[in-house]
>>> print(open('entry.txt').read())   # compact mmCIF, C-alpha atoms and all ligand atoms
# COMPACT_ATOMS: atom_id res chain seq x y z
CA MET A 847 18.46 77.42 100.86
CA LEU A 848 21.87 75.76 100.74
CA ASN A 849 22.47 72.07 100.43
CA TYR A 850 25.70 70.10 100.18
CA ILE A 851 26.34 66.47 99.51
CA THR A 852 29.63 64.61 99.51
CA THR A 853 30.65 61.44 97.74
CA GLY A 854 33.74 59.26 97.60
CA GLU A 855 35.59 56.66 99.65
CA SER A 856 38.57 57.30 101.92
CA HIS A 857 40.85 55.27 99.60
CA GLY A 858 38.79 55.67 96.43
CA LYS A 859 39.94 57.51 93.36
CA TYR A 860 38.12 60.77 94.15
CA LEU A 861 36.22 62.68 96.80
CA ALA A 862 33.74 65.29 95.63
CA THR A 863 31.10 67.69 96.89
CA ILE A 864 28.22 69.55 95.32
CA LEU A 865 27.04 72.71 97.06
CA GLU A 866 23.73 73.96 95.78
CA GLY A 867 22.20 77.36 96.48
CA LEU A 868 25.09 79.83 96.28
CA PRO A 869 24.02 83.00 94.47
CA SER A 870 25.61 84.26 91.27
CA GLY A 871 28.34 86.87 91.28
CA LEU A 872 30.42 85.63 94.21
CA ALA A 873 34.15 85.90 93.51
CA PHE A 874 35.39 82.35 93.91
CA ASP A 875 38.88 82.14 95.38
CA LEU A 876 40.05 78.58 94.73
CA ASP A 877 43.39 79.26 96.46
CA PHE A 878 41.51 80.09 99.65
CA VAL A 879 39.56 76.80 99.44
CA ASN A 880 42.79 74.84 99.00
CA ALA A 881 44.46 76.73 101.85
CA GLU A 882 41.55 75.66 104.08
CA LEU A 883 42.08 72.05 102.96
CA ARG A 884 45.76 72.32 103.94
CA ARG A 885 44.74 73.61 107.38
CA ARG A 886 42.52 70.54 107.82
CA GLN A 887 45.42 68.24 107.03
CA GLY A 888 47.63 69.76 109.70
CA GLY A 889 47.80 69.70 113.47
CA PHE A 890 50.05 67.78 115.81
CA GLY A 891 48.87 64.18 116.23
CA ARG A 892 47.89 63.41 112.65
CA GLY A 893 48.69 59.98 111.17
CA GLY A 894 50.64 58.81 108.13
CA ARG A 895 47.95 59.52 105.54
CA GLN A 896 48.53 63.26 105.61
CA LYS A 897 52.14 62.69 104.53
CA ILE A 898 50.84 60.96 101.40
CA GLU A 899 48.11 63.40 100.40
CA THR A 900 48.21 67.06 99.40
CA ASP A 901 44.50 67.80 99.37
CA CYS A 902 43.64 70.14 96.55
CA VAL A 903 40.29 70.52 94.76
CA GLU A 904 39.43 71.38 91.19
CA ILE A 905 36.21 73.06 90.11
CA MET A 906 33.75 70.76 88.33
CA GLY A 907 31.06 73.37 87.75
CA GLY A 908 29.27 76.48 88.96
CA VAL A 909 32.08 78.98 88.37
CA ILE A 910 32.81 80.89 85.16
CA ARG A 911 35.62 83.44 84.86
CA GLY A 912 36.23 83.29 88.59
CA LYS A 913 32.64 84.02 89.66
CA THR A 914 29.79 81.76 90.75
CA THR A 915 26.93 81.50 88.25
CA GLY A 916 24.14 80.43 90.62
CA ALA A 917 24.41 76.83 89.40
CA PRO A 918 25.46 74.04 91.81
CA LEU A 919 29.13 74.36 92.74
CA GLY A 920 31.05 71.12 92.14
CA LEU A 921 34.49 70.48 93.69
CA ILE A 922 36.58 67.34 93.24
CA LEU A 923 39.75 66.02 94.91
CA LYS A 924 41.96 63.17 93.69
CA ASN A 925 43.27 60.76 96.34
CA ARG A 926 46.90 59.67 95.98
CA ASP A 927 46.19 56.63 98.13
CA ASN A 928 43.39 55.23 95.97
CA THR A 929 43.97 51.54 96.62
CA VAL A 930 40.47 50.68 97.86
CA ASP A 931 39.86 47.74 95.53
CA ALA A 932 43.09 46.08 96.60
CA LEU A 933 42.70 46.63 100.36
CA PRO A 934 41.93 43.62 102.57
CA ASP A 935 38.65 43.35 104.42
CA LEU A 936 38.45 43.65 108.21
CA GLU A 937 36.81 41.04 110.43
CA ARG A 938 37.06 42.55 113.91
CA PRO A 939 35.05 45.80 114.20
CA ARG A 940 36.71 48.67 116.09
CA PRO A 941 34.81 49.72 119.24
CA GLY A 942 33.76 53.35 118.80
CA HIS A 943 33.81 53.25 114.99
CA ALA A 944 30.93 52.68 112.53
CA ASP A 945 32.24 49.17 111.67
CA LEU A 946 29.84 46.92 113.61
CA ALA A 947 26.53 48.78 113.27
CA GLY A 948 27.34 49.66 109.65
CA ALA A 949 28.25 46.10 108.62
CA LEU A 950 25.06 44.77 110.24
CA LYS A 951 22.83 47.50 108.82
CA TYR A 952 24.10 47.51 105.22
CA HIS A 953 24.90 43.77 105.08
CA GLN A 954 28.31 44.79 103.83
CA SER A 955 31.98 44.19 104.57
CA ILE A 956 33.60 46.33 107.27
CA ARG A 957 35.82 47.70 104.47
CA ALA A 958 32.80 49.15 102.65
CA ILE A 959 31.61 50.78 105.88
CA LEU A 960 34.90 52.27 107.00
CA GLU A 961 35.69 53.64 103.56
CA ARG A 962 32.66 55.89 103.75
CA SER A 963 32.50 56.58 107.49
CA SER A 964 36.19 57.63 107.61
CA ALA A 965 36.81 61.22 108.59
CA ARG A 966 38.53 61.72 105.26
CA GLU A 967 35.05 62.68 104.03
CA THR A 968 35.43 65.88 106.03
CA SER A 969 37.86 67.20 103.40
CA MET A 970 34.81 67.76 101.21
CA ARG A 971 32.91 69.44 104.03
CA VAL A 972 35.82 71.82 104.48
CA ALA A 973 35.78 72.57 100.73
CA ALA A 974 32.02 73.32 100.77
CA GLY A 975 32.43 75.29 104.01
CA ALA A 976 35.24 77.35 102.50
CA ALA A 977 32.88 78.43 99.71
CA CYS A 978 30.38 79.46 102.42
CA LYS A 979 33.12 81.43 104.20
CA LEU A 980 33.82 83.30 100.97
CA PHE A 981 30.14 84.19 100.78
CA LEU A 982 29.89 85.31 104.43
CA ARG A 983 33.06 87.37 104.13
CA GLU A 984 31.33 89.60 101.58
CA PHE A 985 29.04 90.70 104.41
CA GLY A 986 31.81 91.13 106.99
CA ILE A 987 31.16 87.80 108.73
CA GLU A 988 34.37 86.07 109.85
CA ILE A 989 34.87 82.72 111.55
CA ALA A 990 37.78 81.35 113.61
CA SER A 991 38.41 78.43 115.93
CA HIS A 992 40.77 77.36 118.68
CA VAL A 993 41.36 74.19 120.65
CA VAL A 994 40.50 74.56 124.34
CA ARG A 995 41.18 71.02 125.57
CA ILE A 996 43.19 67.93 124.64
CA GLY A 997 42.61 65.14 127.17
CA PRO A 998 43.49 66.61 130.60
CA ALA A 999 45.29 69.69 129.18
CA SER A 1000 42.88 72.59 129.02
CA LEU A 1001 43.02 76.31 128.34
CA PRO A 1002 42.08 78.53 131.29
CA GLU A 1003 38.74 80.26 130.51
CA ARG A 1004 39.14 83.39 128.42
CA SER A 1005 37.02 85.19 125.90
CA LEU A 1006 38.74 86.25 122.69
CA THR A 1007 37.63 87.97 119.51
CA VAL A 1008 37.88 86.31 116.09
CA LYS A 1009 40.83 88.59 115.29
CA GLU A 1010 42.65 87.65 118.50
CA ILE A 1011 42.02 83.94 117.93
CA ARG A 1012 43.46 84.15 114.42
CA ALA A 1013 46.55 86.06 115.54
CA LEU A 1014 47.24 83.85 118.56
CA THR A 1015 46.75 80.48 116.83
CA LYS A 1016 48.68 81.39 113.68
CA ASP A 1017 51.80 79.35 114.46
CA SER A 1018 50.34 76.87 116.92
CA PRO A 1019 50.70 73.17 116.00
CA VAL A 1020 47.56 72.41 118.00
CA ASN A 1021 45.53 75.53 117.08
CA CYS A 1022 45.74 76.79 120.67
CA VAL A 1023 45.93 80.47 121.64
CA CYS A 1024 48.28 79.95 124.60
CA PRO A 1025 51.84 78.59 124.01
CA LYS A 1026 52.08 77.15 127.52
CA THR A 1027 48.79 75.24 127.21
CA ALA A 1028 49.80 74.17 123.69
CA ARG A 1029 52.96 72.60 125.10
CA ALA A 1030 50.89 70.70 127.66
CA MET A 1031 48.52 69.56 124.89
CA ILE A 1032 51.45 68.33 122.78
CA ARG A 1033 52.76 66.36 125.76
CA VAL A 1034 49.35 64.69 126.12
CA ILE A 1035 49.29 63.73 122.42
CA GLU A 1036 52.90 62.47 122.64
CA LYS A 1037 51.93 60.31 125.60
CA ALA A 1038 48.98 58.88 123.67
CA ARG A 1039 51.26 58.07 120.73
CA LYS A 1040 53.89 56.40 122.95
CA GLN A 1041 51.19 54.31 124.59
CA SER A 1042 49.65 53.37 121.21
CA ASP A 1043 46.54 55.21 122.34
CA THR A 1044 44.44 58.15 121.11
CA VAL A 1045 43.06 61.26 122.79
CA GLY A 1046 40.10 63.59 122.25
CA GLY A 1047 39.29 67.11 123.34
CA LYS A 1048 37.26 70.24 122.80
CA TYR A 1049 37.40 73.23 120.46
CA GLU A 1050 35.57 76.52 120.15
CA VAL A 1051 34.28 78.09 116.94
CA ARG A 1052 33.42 81.78 116.93
CA ALA A 1053 31.65 83.80 114.23
CA ALA A 1054 31.69 87.63 114.28
CA GLY A 1055 29.80 90.26 112.29
CA LEU A 1056 26.38 88.61 112.30
CA PRO A 1057 23.19 90.66 112.25
CA ALA A 1058 20.46 89.89 114.81
CA GLY A 1059 17.65 87.73 113.44
CA LEU A 1060 19.23 84.79 111.60
CA GLY A 1061 17.32 81.59 112.38
CA SER A 1062 13.82 81.71 113.83
CA CYS A 1063 11.81 81.37 117.04
CA VAL A 1064 8.65 80.12 115.35
CA HIS A 1065 9.44 76.58 114.27
CA HIS A 1066 11.79 73.90 115.64
CA ALA A 1067 13.50 73.10 112.33
CA ARG A 1068 14.39 76.75 111.73
CA LYS A 1069 16.03 77.40 115.12
CA LEU A 1070 19.67 78.26 114.57
CA ASP A 1071 21.06 76.57 117.69
CA GLY A 1072 19.39 73.28 116.70
CA ARG A 1073 20.73 73.57 113.17
CA LEU A 1074 24.27 74.27 114.39
CA ALA A 1075 24.20 71.43 116.90
CA GLY A 1076 22.78 68.99 114.35
CA MET A 1077 25.39 69.86 111.74
CA LEU A 1078 28.29 69.73 114.20
CA MET A 1079 27.05 66.47 115.73
CA SER A 1080 27.06 64.92 112.27
CA LYS A 1081 30.83 65.28 112.17
CA GLN A 1082 32.85 62.13 112.89
CA SER A 1083 33.89 61.77 116.58
CA VAL A 1084 31.71 64.61 117.93
CA LYS A 1085 29.91 63.72 121.17
CA ALA A 1086 28.75 67.08 122.55
CA VAL A 1087 27.98 70.58 121.32
CA GLU A 1088 27.54 73.60 123.60
CA ILE A 1089 26.28 77.03 122.63
CA GLY A 1090 27.91 79.86 124.60
CA GLU A 1091 28.45 78.90 128.22
CA GLY A 1092 26.53 75.70 127.46
CA ASP A 1093 26.80 73.09 130.19
CA ARG A 1094 27.91 75.68 132.81
CA LEU A 1095 24.60 77.57 132.53
CA GLY A 1096 22.89 74.66 134.29
CA SER A 1097 24.75 75.47 137.51
CA LEU A 1098 23.94 79.21 137.65
CA TYR A 1099 21.04 81.38 138.84
CA GLY A 1100 19.20 83.30 136.13
CA SER A 1101 20.54 86.61 137.38
CA GLY A 1102 24.07 85.46 136.56
CA ALA A 1103 23.23 83.48 133.45
CA HIS A 1104 21.67 85.96 131.05
CA ASP A 1105 23.08 88.87 129.07
CA GLU A 1106 21.60 92.30 129.85
CA ILE A 1107 20.48 94.46 126.93
CA PHE A 1108 21.79 97.96 126.12
CA TYR A 1109 21.35 100.51 123.33
CA SER A 1110 23.59 103.20 121.93
CA LYS A 1111 23.21 105.30 118.80
CA SER A 1112 26.48 104.09 117.35
CA ARG A 1113 26.08 100.36 118.12
CA GLY A 1114 22.31 99.87 118.15
CA TYR A 1115 21.20 97.12 120.56
CA TYR A 1116 24.02 95.24 122.25
CA HIS A 1117 25.03 93.09 125.26
CA ARG A 1118 28.08 93.51 127.51
CA THR A 1119 28.34 89.77 128.15
CA ASN A 1120 27.79 86.83 125.82
CA ARG A 1121 26.87 83.81 127.92
CA ALA A 1122 24.16 82.91 125.39
CA GLY A 1123 26.79 82.43 122.68
CA GLY A 1124 25.06 84.92 120.40
CA ILE A 1125 21.82 82.94 120.12
CA GLU A 1126 18.54 83.61 121.95
CA GLY A 1127 15.23 82.02 121.03
CA GLY A 1128 16.84 80.16 118.14
CA MET A 1129 18.04 83.41 116.51
CA THR A 1130 21.26 85.38 116.39
CA ASN A 1131 21.10 88.35 118.79
CA GLY A 1132 23.85 90.42 117.16
CA GLU A 1133 26.72 89.13 119.34
CA ASP A 1134 29.35 86.63 118.23
CA VAL A 1135 28.04 83.11 117.77
CA VAL A 1136 30.14 80.82 119.99
CA VAL A 1137 29.96 77.04 119.92
CA ARG A 1138 32.07 74.50 121.77
CA VAL A 1139 32.45 71.02 120.38
CA THR A 1140 33.71 67.91 122.20
CA MET A 1141 35.39 65.12 120.24
CA LYS A 1142 35.91 61.62 121.58
CA PRO A 1143 39.33 59.99 121.02
CA ILE A 1144 39.81 58.40 117.57
CA ALA A 1145 38.45 54.84 117.60
CA THR A 1146 41.32 53.16 115.73
CA LEU A 1147 43.79 52.05 118.43
CA ALA A 1148 47.25 50.61 117.76
CA ARG A 1149 46.74 48.72 121.04
CA PRO A 1150 43.21 47.55 120.21
CA LEU A 1151 40.30 46.91 122.54
CA ALA A 1152 38.32 43.67 122.70
CA SER A 1153 36.02 42.90 119.80
CA VAL A 1154 34.40 39.92 118.13
CA ASN A 1155 35.56 38.24 114.94
CA MET A 1156 32.44 38.60 112.78
CA ARG A 1157 33.28 35.39 110.87
CA THR A 1158 34.07 33.05 113.81
CA LYS A 1159 32.19 35.00 116.56
CA ARG A 1160 35.24 34.55 118.80
CA THR A 1161 36.50 37.31 121.08
CA GLU A 1162 39.61 38.88 119.54
CA LYS A 1163 41.34 42.23 119.53
CA ALA A 1164 39.85 44.80 117.13
CA ASP A 1165 41.53 45.38 113.78
CA PHE A 1166 44.03 48.20 113.47
CA GLU A 1167 44.70 50.37 110.43
CA ARG A 1168 46.89 53.46 110.20
CA SER A 1169 45.20 56.34 112.02
CA ASP A 1170 45.60 59.61 113.90
CA PHE A 1171 46.54 59.89 117.59
CA CYS A 1172 44.61 63.12 117.96
CA ALA A 1173 42.43 64.88 115.39
CA VAL A 1174 41.11 67.73 117.55
CA PRO A 1175 43.18 70.51 115.86
CA ALA A 1176 41.96 69.27 112.45
CA GLY A 1177 38.47 68.95 113.92
CA SER A 1178 38.44 72.64 114.77
CA VAL A 1179 39.04 73.54 111.11
CA ILE A 1180 36.19 71.25 110.07
CA GLY A 1181 33.99 72.80 112.77
CA GLU A 1182 34.60 76.26 111.25
CA ALA A 1183 33.46 74.94 107.86
CA LEU A 1184 30.27 73.45 109.27
CA VAL A 1185 29.43 76.62 111.19
CA ALA A 1186 30.06 78.60 107.98
CA TYR A 1187 27.65 76.36 106.10
CA VAL A 1188 24.84 76.71 108.68
CA LEU A 1189 25.30 80.48 108.96
CA ALA A 1190 25.41 80.98 105.19
CA ASP A 1191 22.23 78.90 104.91
CA ALA A 1192 20.47 81.02 107.55
CA PHE A 1193 21.78 84.21 105.95
CA LEU A 1194 20.40 83.21 102.54
CA GLU A 1195 17.10 82.25 104.13
CA LYS A 1196 16.79 85.77 105.53
CA PHE A 1197 18.24 87.84 102.69
CA GLY A 1198 18.00 85.30 99.88
CA GLY A 1199 18.19 86.23 96.28
CA ASP A 1200 19.72 84.80 93.16
CA SER A 1201 22.61 87.23 92.84
CA MET A 1202 25.04 88.89 95.23
CA ARG A 1203 23.65 92.24 94.14
CA GLU A 1204 20.11 91.32 95.15
CA ILE A 1205 21.24 89.89 98.51
CA ARG A 1206 23.32 92.98 99.27
CA ARG A 1207 20.25 95.20 98.70
CA ASN A 1208 18.09 93.07 101.00
CA TYR A 1209 20.80 92.97 103.66
CA ASP A 1210 21.46 96.71 103.64
CA GLY A 1211 17.74 97.46 103.94
CA TYR A 1212 17.36 95.15 106.94
CA ARG A 1213 20.40 96.62 108.68
CA ARG A 1214 18.88 100.08 108.42
CA GLN A 1215 15.54 98.76 109.70
CA ILE A 1216 16.84 97.08 112.87
CA ARG A 1217 18.86 100.11 113.93
CA GLY A 1218 15.49 101.75 114.59
C1 LIG B 1 41.70 60.96 107.31
C2 LIG B 1 42.30 60.00 106.57
C3 LIG B 1 42.27 58.61 107.01
C4 LIG B 1 42.37 58.51 108.51
C5 LIG B 1 41.44 59.43 109.28
C6 LIG B 1 41.03 60.66 108.58
O1 LIG B 1 43.33 58.01 106.32
P1 LIG B 1 43.83 56.49 106.45
O2 LIG B 1 42.65 55.65 106.85
O3 LIG B 1 44.34 56.14 105.08
O4 LIG B 1 44.93 56.52 107.46
O5 LIG B 1 43.68 58.83 108.88
O6 LIG B 1 40.26 58.77 109.59
C7 LIG B 1 40.05 58.33 110.86
C8 LIG B 1 40.85 58.59 111.83
C9 LIG B 1 38.84 57.58 111.07
O7 LIG B 1 38.68 57.03 112.17
O8 LIG B 1 38.04 57.47 110.18
C10 LIG B 1 41.66 62.36 106.85
O9 LIG B 1 42.14 62.69 105.75
O10 LIG B 1 41.14 63.19 107.63
>>> encode(input="entry.txt", output="structure tokens", more="lines below")
Ligand code: EPS
Amino acid sequence: MLNYITTGESHGKYLATILEGLPSGLAFDLDFVNAELRRRQGGFGRGGRQKIETDCVEIMGGVIRGKTTGAPLGLILKNRDNTVDALPDLERPRPGHADLAGALKYHQSIRAILERSSARETSMRVAAGAACKLFLREFGIEIASHVVRIGPASLPERSLTVKEIRALTKDSPVNCVCPKTARAMIRVIEKARKQSDTVGGKYEVRAAGLPAGLGSCVHHARKLDGRLAGMLMSKQSVKAVEIGEGDRLGSLYGSGAHDEIFYSKSRGYYHRTNRAGGIEGGMTNGEDVVVRVTMKPIATLARPLASVNMRTKRTEKADFERSDFCAVPAGSVIGEALVAYVLADAFLEKFGGDSMREIRRNYDGYRRQIRG
């Protein structure tokens, strides 16, 4: 139903995205999109590039008089650092980055590979995801994220609502709900910086207000958990995705692993626990969708690891270019955008129509139906 594509190099003149499949009649709040881009640029542990750029998109198409028309939405961002043609090539691929496999596969310079594989591309994913958030919001669906681990510093287990997450992370430099844990996380990032190292971590994305029945149980490609995991895994640095209790469920008995079902006139069907992370059988079950995403440390190290000079084939230290020490807080903002995209896609699949008015009618009818 929805499809987005991004284009542009990290140090090229522009980055752009086209998002196809949004209905007509959606109020398009460009300020919100740009505020989301600013959130992505923040977070303690970012590198020098964010001091140069003020990411801000312009609309290329798909919006007239502040509302979507149903045509593909085009958004474009101008890079301040757009020196790509003048930048030197690299010879020593960075372990953990796309450099080696990309240079071999595309028969290209490492420069050409890193320009496209750089996480700067995620600015466009956040822009497309922000448009999806605007769409979901119209149906009361809200998404928030928080960082639960940076290296060894982790948040004690606690379940929070989207509202609580937003309120508690508002002023946190690491997008963490607990000031004490945030201080420990900052110390870990500081240590990485002092040691010319990098550090990874884990964040949680939570979506509230979803009806039961998005996704499907009948075909592998339509299962919502698979679609979420695939989209999140496609983000730079991501190495694991868990839905709900995820990995922990493997150590429990069934009696303690599943969420019992209840019914009340006011709420309809509901669960008192949410170990499944809001997804059963590849479909939303009416509870919050909860995903946890693990990011490896950034691959560009100021104290580089061993590599091979691709010209001489000699063992040398990997190349180093300006980078982040920790991108997990920024990663959590990108994760929200990707979850928004997958949920908006599944929502349109279920209630699809060409205009907001048509979708609203379909949605309201279904809500009445599932209340029984
Ligand atoms: C990024 C901008 C990049 C990197 C970072 C993500 O800018 P530059 O290369 O000019 O410093 O800082 O990319 C990586 C860490 C990576 O490994 O690709 C951004 O805007 O998010």
>>> closest_atom_pairs(input="entry.txt", of="chain A", to="ligand LIG 1 (chain B)", cutoff="8 Å", atoms="all atoms listed in the file", output="tab-separated table")
residue	atom	partner	partner_atom	distance
A:Ser856	CA	B:LIG1	C3	6.4
A:His857	CA	B:LIG1	O3	6.6
A:Arg886	CA	B:LIG1	O10	7.5
A:Gln887	CA	B:LIG1	O9	6.6
A:Arg892	CA	B:LIG1	O5	7.3
A:Gly893	CA	B:LIG1	O5	5.6
A:Gly894	CA	B:LIG1	O4	6.2
A:Arg895	CA	B:LIG1	O4	4.7
A:Gln896	CA	B:LIG1	O9	6.4
A:Asp927	CA	B:LIG1	O3	7.2
A:His943	CA	B:LIG1	O7	6.8
A:Leu960	CA	B:LIG1	O8	6.9
A:Glu961	CA	B:LIG1	O2	8.0
A:Ser963	CA	B:LIG1	O8	6.2
A:Ser964	CA	B:LIG1	O8	3.2
A:Ala965	CA	B:LIG1	O8	4.3
A:Arg966	CA	B:LIG1	C10	3.6
A:Glu967	CA	B:LIG1	O10	7.1
A:Thr968	CA	B:LIG1	O10	6.5
A:Ser969	CA	B:LIG1	O9	6.6
A:Gln1082	CA	B:LIG1	O8	7.5
A:Ile1144	CA	B:LIG1	O7	5.7
A:Ala1145	CA	B:LIG1	O7	5.9
A:Thr1146	CA	B:LIG1	O7	5.9
A:Glu1167	CA	B:LIG1	O2	6.7
A:Arg1168	CA	B:LIG1	O4	4.6
A:Ser1169	CA	B:LIG1	O5	4.3
A:Asp1170	CA	B:LIG1	C8	5.3
A:Ala1173	CA	B:LIG1	C8	7.4
A:Ala1176	CA	B:LIG1	O10	7.8
>>> atom_distance(input="entry.txt", atom1="CA of Val879 (chain A)", atom2="CA of Asn849 (chain A)")
17.8 Å
>>> closest_residue(input="entry.txt", among="A:Pro941, A:Pro934, A:Gly997, A:Gly1128", to="Tyr1049 (chain A)", atoms="all atoms listed in the file")
A:Gly997
>>> closest_residue(input="entry.txt", among="A:Glu1106, A:Asp1043, A:Glu1126, A:Glu1003", to="Gly891 (chain A)", atoms="only C-alpha atoms")
A:Asp1043
>>> closest_residue(input="entry.txt", among="A:Thr929, A:Gly1055, A:Arg938, A:Leu919", to="Ala1152 (chain A)", atoms="all atoms listed in the file")
A:Arg938
>>> residues_around(input="entry.txt", residues="Leu1184 (chain A)", least_positions_apart="2", cutoff="10 Å", atoms="all atoms listed in the file", output="PyMOL selection string")
chain A and resi 968+971-972+974-976+978-979+1051+1074-1075+1077-1078+1080-1081+1178-1182+1186-1190
>>> write_last_selection(input="entry.txt", atoms="C-alpha atoms", output="PDB file, in the frame of the given file")
ATOM      1  CA  THR A 968      35.430  65.880 106.030  1.00  0.00           C
ATOM      2  CA  ARG A 971      32.910  69.440 104.030  1.00  0.00           C
ATOM      3  CA  VAL A 972      35.820  71.820 104.480  1.00  0.00           C
ATOM      4  CA  ALA A 974      32.020  73.320 100.770  1.00  0.00           C
ATOM      5  CA  GLY A 975      32.430  75.290 104.010  1.00  0.00           C
ATOM      6  CA  ALA A 976      35.240  77.350 102.500  1.00  0.00           C
ATOM      7  CA  CYS A 978      30.380  79.460 102.420  1.00  0.00           C
ATOM      8  CA  LYS A 979      33.120  81.430 104.200  1.00  0.00           C
ATOM      9  CA  VAL A1051      34.280  78.090 116.940  1.00  0.00           C
ATOM     10  CA  LEU A1074      24.270  74.270 114.390  1.00  0.00           C
ATOM     11  CA  ALA A1075      24.200  71.430 116.900  1.00  0.00           C
ATOM     12  CA  MET A1077      25.390  69.860 111.740  1.00  0.00           C
ATOM     13  CA  LEU A1078      28.290  69.730 114.200  1.00  0.00           C
ATOM     14  CA  SER A1080      27.060  64.920 112.270  1.00  0.00           C
ATOM     15  CA  LYS A1081      30.830  65.280 112.170  1.00  0.00           C
ATOM     16  CA  SER A1178      38.440  72.640 114.770  1.00  0.00           C
ATOM     17  CA  VAL A1179      39.040  73.540 111.110  1.00  0.00           C
ATOM     18  CA  ILE A1180      36.190  71.250 110.070  1.00  0.00           C
ATOM     19  CA  GLY A1181      33.990  72.800 112.770  1.00  0.00           C
ATOM     20  CA  GLU A1182      34.600  76.260 111.250  1.00  0.00           C
ATOM     21  CA  ALA A1186      30.060  78.600 107.980  1.00  0.00           C
ATOM     22  CA  TYR A1187      27.650  76.360 106.100  1.00  0.00           C
ATOM     23  CA  VAL A1188      24.840  76.710 108.680  1.00  0.00           C
ATOM     24  CA  LEU A1189      25.300  80.480 108.960  1.00  0.00           C
ATOM     25  CA  ALA A1190      25.410  80.980 105.190  1.00  0.00           C
TER      26      ALA A1190
END
>>> residues_around(input="entry.txt", residues="Val1084 (chain A)", least_positions_apart="2", cutoff="7 Å", atoms="all atoms listed in the file", output="number ranges by chain")
A: 1079, 1081-1082, 1086, 1139-1142
>>> residues_around(input="entry.txt", residues="Arg1029 (chain A)", least_positions_apart="5", cutoff="9 Å", atoms="only C-alpha atoms", output="list in words")
Val1020, Cys1024 and Val1034 of chain A
>>> write_last_selection(input="entry.txt", atoms="C-alpha atoms", output="short mmCIF file (atom, residue, chain, number, x, y, z; two decimals), keeping the file's coordinate frame")
data_model
loop_
_atom_site.label_atom_id
_atom_site.label_comp_id
_atom_site.auth_asym_id
_atom_site.auth_seq_id
_atom_site.Cartn_x
_atom_site.Cartn_y
_atom_site.Cartn_z
CA VAL A 1020 47.56 72.41 118.00
CA CYS A 1024 48.28 79.95 124.60
CA VAL A 1034 49.35 64.69 126.12
#
>>> closest_residue(input="entry.txt", among="A:Ala1148, A:Leu1060, A:Ala1028, A:Leu868", to="Leu848 (chain A)", atoms="only C-alpha atoms")
A:Leu868
>>> residues_around(input="entry.txt", residues="region 851-855 of chain A", least_positions_apart="4", cutoff="6 Å", atoms="only C-alpha atoms", output="list in words")
Tyr860, Leu861, Ala862, Thr863, Ile864, Glu961 and Arg962 of chain A
>>> atom_distance(input="entry.txt", atom1="CA of Ala1164 (chain A)", atom2="CA of Ala999 (chain A)")
28.2 Å
